[in-house]
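Reproduced below: run33.cif, with mmCIF, C-alpha atoms and all ligand atoms.
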data_upload
#
loop_
_atom_site.label_atom_id
_atom_site.label_comp_id
_atom_site.auth_asym_id
_atom_site.auth_seq_id
_atom_site.Cartn_x
_atom_site.Cartn_y
_atom_site.Cartn_z
CA MET J 1 73.05 135.22 130.19
CA VAL J 2 70.88 134.08 133.09
CA GLN J 3 69.69 130.44 132.83
CA SER J 4 66.21 129.31 133.90
CA ALA J 5 65.27 126.33 136.06
CA VAL J 6 62.35 124.89 138.01
CA THR J 7 62.48 122.86 141.21
CA VAL J 8 61.41 119.21 141.41
CA CYS J 9 60.79 117.79 144.90
CA LEU J 10 61.11 114.02 145.31
CA VAL J 11 60.65 114.02 149.10
CA PRO J 12 57.06 113.13 150.11
CA GLU J 13 57.62 114.68 153.58
CA ALA J 14 58.21 118.05 151.83
CA ARG J 15 55.07 117.91 149.67
CA ARG J 16 53.87 121.18 151.23
CA GLY J 17 57.21 122.85 150.55
CA PRO J 18 58.06 125.59 148.02
CA PHE J 19 58.73 123.47 144.96
CA VAL J 20 57.13 123.80 141.52
CA PHE J 21 56.89 120.08 140.80
CA HIS J 22 56.37 117.29 143.32
CA GLY J 23 57.22 113.71 142.37
CA ASP J 24 57.16 112.32 138.82
CA LEU J 25 60.67 113.18 137.65
CA PRO J 26 60.04 112.14 134.00
CA GLY J 27 56.79 114.18 133.82
CA SER J 28 58.46 117.17 135.48
CA CYS J 29 61.35 117.07 132.99
CA ALA J 30 58.91 116.90 130.06
CA ALA J 31 56.94 119.90 131.39
CA ALA J 32 60.12 121.89 132.10
CA ARG J 33 61.34 121.40 128.55
CA GLU J 34 57.93 122.10 127.01
CA LEU J 35 57.88 125.47 128.79
CA GLY J 36 61.40 126.30 127.64
CA PHE J 37 63.38 125.97 130.87
CA ASP J 38 67.12 125.39 130.65
CA GLY J 39 67.31 123.09 133.66
CA ILE J 40 65.80 121.50 136.73
CA GLU J 41 66.86 121.69 140.38
CA ILE J 42 66.28 118.47 142.33
CA PHE J 43 65.32 118.14 145.99
CA ALA J 44 65.82 114.45 146.82
CA PRO J 45 65.83 112.31 149.98
CA SER J 46 69.48 111.31 149.52
CA GLY J 47 72.36 111.33 147.09
CA SER J 48 71.56 107.76 146.02
CA TYR J 49 67.80 108.18 145.50
CA VAL J 50 67.88 109.07 141.80
CA ALA J 51 69.77 106.63 139.57
CA PRO J 52 72.43 108.68 137.71
CA GLY J 53 71.82 106.71 134.50
CA GLU J 54 68.10 107.45 134.55
CA LEU J 55 68.70 111.14 135.25
CA LYS J 56 71.30 111.36 132.50
CA GLY J 57 68.80 109.86 130.05
CA LEU J 58 66.00 112.23 131.07
CA LEU J 59 68.21 115.32 130.87
CA ALA J 60 69.50 114.28 127.43
CA GLU J 61 66.01 113.40 126.16
CA HIS J 62 64.65 116.82 127.12
CA GLY J 63 67.76 118.94 126.51
CA LEU J 64 67.91 120.03 130.15
CA ARG J 65 70.77 120.62 132.59
CA LEU J 66 70.83 119.79 136.28
CA ALA J 67 71.00 123.27 137.85
CA ALA J 68 71.64 122.28 141.47
CA VAL J 69 70.74 119.73 144.14
CA GLY J 70 69.12 120.67 147.45
CA THR J 71 70.29 119.07 150.70
CA GLY J 72 67.48 120.22 153.02
CA ALA J 73 66.06 116.69 153.30
CA GLY J 74 68.97 115.96 155.63
CA MET J 75 67.33 118.31 158.10
CA ILE J 76 63.72 117.36 157.34
CA LEU J 77 64.19 113.57 157.36
CA HIS J 78 67.12 113.11 159.75
CA GLY J 79 67.37 116.31 161.84
CA LEU J 80 70.97 116.85 160.65
CA SER J 81 72.78 120.18 161.04
CA LEU J 82 76.19 121.37 159.85
CA SER J 83 76.48 123.58 162.94
CA ASP J 84 75.78 120.74 165.39
CA SER J 85 77.83 121.08 168.61
CA ASP J 86 78.08 117.30 168.76
CA SER J 87 80.96 116.17 166.55
CA THR J 88 79.27 112.88 165.61
CA GLY J 89 76.12 114.74 164.54
CA ARG J 90 78.13 117.30 162.59
CA GLU J 91 80.09 114.54 160.85
CA ARG J 92 76.83 112.76 159.90
CA ALA J 93 75.56 116.04 158.42
CA CYS J 94 78.80 116.46 156.44
CA ALA J 95 78.61 112.87 155.20
CA TYR J 96 75.04 113.46 154.02
CA VAL J 97 76.05 116.60 152.10
CA ARG J 98 79.12 114.86 150.64
CA GLU J 99 76.77 112.26 149.15
CA MET J 100 74.74 115.07 147.53
CA ILE J 101 77.90 116.75 146.21
CA ALA J 102 79.04 113.44 144.70
CA PHE J 103 75.60 112.93 143.13
CA GLY J 104 75.52 116.39 141.49
CA ALA J 105 79.17 116.61 140.44
CA PRO J 106 79.04 114.41 137.29
CA PHE J 107 76.20 116.64 136.07
CA GLY J 108 78.11 119.86 136.85
CA ALA J 109 75.47 120.66 139.49
CA PRO J 110 76.43 122.21 142.84
CA ALA J 111 74.87 121.16 146.15
CA ILE J 112 72.95 123.79 148.12
CA ILE J 113 73.44 124.33 151.86
CA GLY J 114 70.24 126.03 153.05
CA SER J 115 68.36 124.50 155.97
CA MET J 116 71.37 122.26 156.69
CA GLN J 117 73.18 125.28 158.18
CA GLY J 118 71.02 124.68 161.27
CA ARG J 119 70.53 127.13 164.15
CA THR J 120 72.16 127.91 167.46
CA GLY J 121 71.53 124.76 169.52
CA ALA J 122 71.28 124.05 173.23
CA GLY J 123 74.60 124.74 174.94
CA GLN J 124 75.87 126.78 171.98
CA THR J 125 76.28 130.50 171.43
CA PRO J 126 75.62 131.93 167.94
CA ASP J 127 79.40 132.38 167.61
CA SER J 128 80.19 128.77 168.47
CA ALA J 129 77.46 127.55 166.08
CA LEU J 130 78.95 129.73 163.34
CA LEU J 131 82.41 128.31 164.00
CA ALA J 132 81.04 124.77 163.64
CA LEU J 133 79.30 125.79 160.41
CA GLU J 134 82.51 127.37 159.07
CA ARG J 135 84.42 124.18 159.78
CA SER J 136 81.80 122.06 157.99
CA LEU J 137 81.76 124.39 154.98
CA ARG J 138 85.57 124.37 154.76
CA GLU J 139 85.57 120.56 154.63
CA LEU J 140 82.67 120.38 152.17
CA ALA J 141 84.02 123.11 149.87
CA ALA J 142 87.32 121.18 149.67
CA TYR J 143 85.39 117.98 148.82
CA ALA J 144 83.45 119.85 146.09
CA ALA J 145 86.66 121.46 144.76
CA GLU J 146 88.22 118.01 144.28
CA ARG J 147 85.29 117.37 141.92
CA ASP J 148 85.63 120.79 140.21
CA GLN J 149 82.34 121.83 141.75
CA MET J 150 80.96 124.94 143.31
CA LEU J 151 79.23 124.66 146.70
CA LEU J 152 76.27 126.98 147.27
CA PHE J 153 75.52 128.54 150.66
CA GLU J 154 72.09 130.07 151.13
CA PRO J 155 71.22 132.77 153.70
CA LEU J 156 67.70 132.13 155.03
CA ASN J 157 65.17 134.42 156.65
CA ARG J 158 65.13 134.83 160.44
CA TYR J 159 62.23 132.40 160.94
CA GLU J 160 64.32 129.54 159.50
CA THR J 161 67.75 130.23 161.03
CA ASP J 162 69.43 132.63 163.42
CA LEU J 163 72.84 132.12 161.78
CA ILE J 164 73.07 133.72 158.32
CA ASN J 165 70.14 135.87 157.16
CA THR J 166 71.60 138.24 154.56
CA VAL J 167 73.77 138.09 151.45
CA ALA J 168 76.34 140.38 153.12
CA HIS J 169 76.57 138.09 156.15
CA GLY J 170 76.89 135.12 153.76
CA ALA J 171 79.74 136.92 151.99
CA ASP J 172 81.48 137.42 155.38
CA LEU J 173 81.13 133.69 156.02
CA ARG J 174 82.51 132.96 152.56
CA ARG J 175 85.60 135.04 153.35
CA ALA J 176 86.02 133.31 156.73
CA VAL J 177 85.85 129.87 155.07
CA GLU J 178 88.39 131.00 152.45
CA ALA J 179 87.14 128.74 149.66
CA SER J 180 86.84 130.31 146.21
CA ASN J 181 84.38 127.61 145.07
CA LEU J 182 81.94 128.50 147.86
CA ARG J 183 79.28 130.82 146.43
CA ILE J 184 76.16 132.44 147.79
CA LEU J 185 72.68 131.40 146.73
CA ALA J 186 70.51 134.52 146.77
CA ASP J 187 66.89 133.49 147.38
CA LEU J 188 64.69 136.46 146.45
CA PHE J 189 61.98 135.34 148.90
CA HIS J 190 64.33 135.36 151.90
CA MET J 191 65.86 138.62 150.65
CA ASN J 192 62.43 140.23 150.49
CA ILE J 193 62.21 139.67 154.26
CA GLU J 194 65.80 140.43 155.28
CA GLU J 195 67.41 142.91 152.88
CA ALA J 196 66.86 146.67 152.93
CA SER J 197 67.01 146.58 149.12
CA ILE J 198 67.14 143.37 147.06
CA GLU J 199 68.77 145.07 144.06
CA GLU J 200 71.41 146.89 146.17
CA SER J 201 72.29 143.61 147.87
CA VAL J 202 72.57 141.86 144.50
CA LEU J 203 74.94 144.58 143.29
CA ALA J 204 77.02 144.53 146.49
CA GLY J 205 77.20 140.71 146.47
CA SER J 206 77.88 140.28 142.76
CA ALA J 207 81.31 138.67 143.30
CA ASP J 208 79.82 136.17 145.76
CA ILE J 209 76.49 135.15 144.20
CA GLY J 210 76.43 131.92 142.15
CA HIS J 211 72.76 130.98 141.98
CA ILE J 212 69.34 132.62 142.42
CA HIS J 213 66.09 131.27 143.82
CA PHE J 214 63.62 133.12 141.63
CA ALA J 215 60.56 133.78 143.79
CA ASP J 216 58.12 136.57 144.48
CA SER J 217 57.48 138.26 147.85
CA ASN J 218 54.94 135.61 148.92
CA ARG J 219 57.00 132.69 147.65
CA ARG J 220 54.74 132.19 144.69
CA ALA J 221 55.94 132.31 141.07
CA VAL J 222 57.38 135.67 140.08
CA GLY J 223 54.43 137.77 138.95
CA PHE J 224 52.09 136.52 141.70
CA GLY J 225 53.49 138.80 144.43
CA HIS J 226 54.64 142.38 144.94
CA THR J 227 58.45 142.28 144.59
CA ARG J 228 59.60 144.91 142.09
CA MET J 229 61.53 142.54 139.85
CA ASP J 230 62.63 145.05 137.20
CA PRO J 231 65.43 146.62 139.29
CA VAL J 232 66.51 143.18 140.52
CA ALA J 233 66.78 141.86 136.94
CA ARG J 234 68.64 145.05 135.94
CA ALA J 235 71.10 144.55 138.82
CA LEU J 236 71.71 140.93 137.76
CA ALA J 237 72.25 142.02 134.14
CA GLU J 238 74.59 144.81 135.25
CA THR J 239 76.74 142.34 137.20
CA GLY J 240 76.83 139.92 134.24
CA PHE J 241 75.27 137.11 136.29
CA SER J 242 75.19 133.97 134.12
CA GLY J 243 74.11 131.32 136.63
CA PHE J 244 70.67 129.81 137.17
CA ALA J 245 67.57 131.64 138.34
CA SER J 246 65.66 128.64 139.66
CA ALA J 247 62.01 128.86 140.68
CA GLU J 248 61.75 127.63 144.26
CA VAL J 249 58.10 128.55 144.75
CA PHE J 250 54.83 127.02 145.90
CA PRO J 251 52.84 125.15 143.24
CA PHE J 252 50.22 127.91 143.11
CA PRO J 253 47.63 127.72 141.62
CA ASP J 254 49.12 124.31 140.74
CA SER J 255 52.45 123.02 139.44
CA ARG J 256 51.66 123.78 135.83
CA GLY J 257 50.37 127.28 136.65
CA ALA J 258 53.46 128.10 138.72
CA ALA J 259 55.77 126.83 135.98
CA GLU J 260 53.95 128.75 133.25
CA ARG J 261 53.96 131.97 135.27
CA THR J 262 57.65 131.55 136.03
CA ALA J 263 58.42 130.95 132.34
CA THR J 264 56.49 134.09 131.34
CA SER J 265 58.18 136.21 134.02
CA PHE J 266 61.61 134.81 133.20
CA ARG J 267 61.21 135.80 129.54
CA LYS J 268 59.90 139.24 130.52
CA PHE J 269 62.84 140.02 132.81
CA PHE J 270 65.76 138.10 131.30
CA ARG J 271 65.01 137.61 127.59
CA LYS J 272 63.97 141.09 126.54
CA HIS J 273 65.75 141.03 123.20
C1 LIG A 301 66.03 126.37 150.58
O1 LIG A 301 66.42 126.72 149.30
C2 LIG A 301 65.22 127.42 151.20
O2 LIG A 301 65.02 128.47 150.64
C3 LIG A 301 64.67 127.19 152.54
O3 LIG A 301 63.69 128.14 152.82
C4 LIG A 301 64.12 125.81 152.72
O4 LIG A 301 62.82 125.85 153.14
MN MN A 302 65.79 128.86 148.66
#
Conversion result in C-alpha cells:
Amino acid sequence: MVQSAVTVCLVPEARRGPFVFHGDLPGSCAAARELGFDGIEIFAPSGSYVAPGELKGLLAEHGLRLAAVGTGAGMILHGLSLSDSDSTGRERACAYVREMIAFGAPFGAPAIIGSMQGRTGAGQTPDSALLALERSLRELAAYAAERDQMLLFEPLNRYETDLINTVAHGADLRRAVEASNLRILADLFHMNIEEASIEESVLAGSADIGHIHFADSNRRAVGFGHTRMDPVARALAETGFSGFASAEVFPFPDSRGAAERTATSFRKFFRKH
C-alpha cells in the first residue's frame, strides 16, 4: 500500500521552494498527523540541524514516520555537486550527503540525491560529469548499505540539470552504479515535463522506483493542476508500489490548503476501498 507524506522545509534560503510546510517542525508534524499523513519528508540545512532526540519524540507523539531526507541544501547553501570535476569539491559534496544519510538512517529514512547531482561544469563533458556522479553514487550507496538504507536518486527536468532527466535514464545510471540499494525517486512534476507518458514510465521503471514526489503538472498539490492522476495511480497499484508518495509542492494557496488538497487527492487515488 502506498504511504503518504508531506514535505517540511527547514532552510530559510529555500522558503520560496516547493515544500508544503516551511519552518515550525512541531507545528508541521501536528498538522501532518491531523490530516492523516503517514509521514513527513524533511529538507534541512545539514545532517546535524535537527536533534535526533527531538525528532524521535515528535514522530512518536504524532504517530508519524520519517519518509526521506532531502540533500538539496548542499547545493543551495554551499554550491556542492556530486559531479564536480574537482576532487576536493566532489569529496565535500559526498561528505555532506553522508551526514544526511547518517541522520536519516536511525529513522529508516533514505537520503535523496536531486539537485546535488549537479550539471556539466566548465571543462567537463556530459560523459565526464556522469562518470563523476556514478563514482559519488557508488561510494554513497555503499555508505547507505552499511546502515541498511536505501539511497534515492532523482531525475530532474532539463531546466535543473543536463545529466539525468528521465526515469529510464536514472535506471541506466542505477545499473551502471551496480548498487541494489540505489533506487529512483520519481517526481511527477519533473516527469510531466520530461516523460512521453508518466504512467508508462512508472510501469517500465517499477523495479527501480523507491519513492514518489506527489505533485501536479504545475507543482501545486495534486488536484490543482492538469496531470491525469488516475492512470498514474493505477500504474503504481499495478506494480505493487508500497513506498511513500510525498507531496513536494508549493504551499498554494497556503501550507494548510496544499496539505488538505494533497490529503484529499491521496485518499481519492490510493485509498479507494
Ligand atoms: C528535489 O526533490 C526536486 O524535485 C528538485 O526540483 C529541487 O528543486
Ligand atoms: Mn522532487
Requested in this report: Compile the contact shell of Thr7 of chain J as a PyMOL selection string: residues with an atom at most 7 Å away, counting all atoms listed in the file, same-chain residues fewer than 3 positions apart removed.
Outcome: chain J and resi 19-21+40-42+246-248
Query raised in the report: Can you tell me, as a ChimeraX atom specification, which residues sit within 10 Å of (51.8, 123.3, 151.6) in the file's frame, using only C-alpha atoms?
Result: /J:14-19,250-252
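Taking all atoms listed in the file into account, Gly23 of chain J lies nearest to J:Pro45 out of the set J:Pro45, J:Gly36, J:Gly72, J:Gly104.
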Query - Close residues, Gly225 of chain J itself excluded, 12 Å, all atoms listed in the file, min 3 positions apart in chain, as a PyMOL selection string - result: chain J and resi 188-189+192+214-222+228-229+249-250+252+261-262+265
Requested in this report: Report as a VMD selection string which protein, DNA and RNA residues come within 7 Å of ligand MN 302 (chain A), using only C-alpha atoms and all ligand atoms.
Outcome: chain J and resid 114 154 187 213 248
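Nearest to Ile193 of chain J of all the residues J:Thr166, J:Asn157, J:Asn181, J:Gln117 is J:Asn157, based on all atoms listed in the file.
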Requested in this report: Would you mind reading off the distance between atom CA of Val177 of chain J and atom CA of Leu137 of chain J, one decimal, in Å?
Outcome: 6.8 Å
Query raised in the report: What's the 7 Å shell around Ile209 of chain J, counting all atoms listed in the file, without same-chain residues fewer than 2 positions away, as an NGL selection string?
Result: :J and (183-186 or 205-207 or 211)
Report task. Compile the contact shell of Glu178 of chain J as JSON, numbers by chain: residues with an atom at most 10 Å away, counting only C-alpha atoms, same-chain residues fewer than 2 positions apart removed. Result -> {"J": [134, 137, 138, 141, 172, 173, 174, 175, 176, 180, 181, 182]}
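For Glu91 of chain J, the non-local neighbours within 10 Å, defined as residues at least 5 positions apart in the same chain or in other chains and counting only C-alpha atoms, are J:Leu80, J:Ser81, J:Leu82, J:Ser83, J:Asp84, J:Asp86, J:Tyr96, J:Val97, J:Ser136.
For the choices J:Gly89, J:Glu194, J:Leu140, J:Tyr49, the atom-to-atom distance to Asp162 of chain J is smallest for J:Glu194 when using all atoms listed in the file.
Residue nearest ligand LIG 301 (chain A) within the list J:Val2, J:Leu64, J:Val69, J:Ala122: J:Val69 [criterion: smallest interatomic distance, all atoms listed in the file].
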Taking all atoms of ligand LIG 301 (chain A) that the file lists, what box with edges along x, y and z, padded by 3 Å per side, do you get, with centre and edge lengths in Å to one decimal, as AutoDock Vina command-line options?
--center_x 64.6 --center_y 127.1 --center_z 151.2 --size_x 9.6 --size_y 8.7 --size_z 9.8
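Atom pair atom CA of Ser46 of chain J / atom CA of Arg256 of chain J: separated by 25.7 Å.
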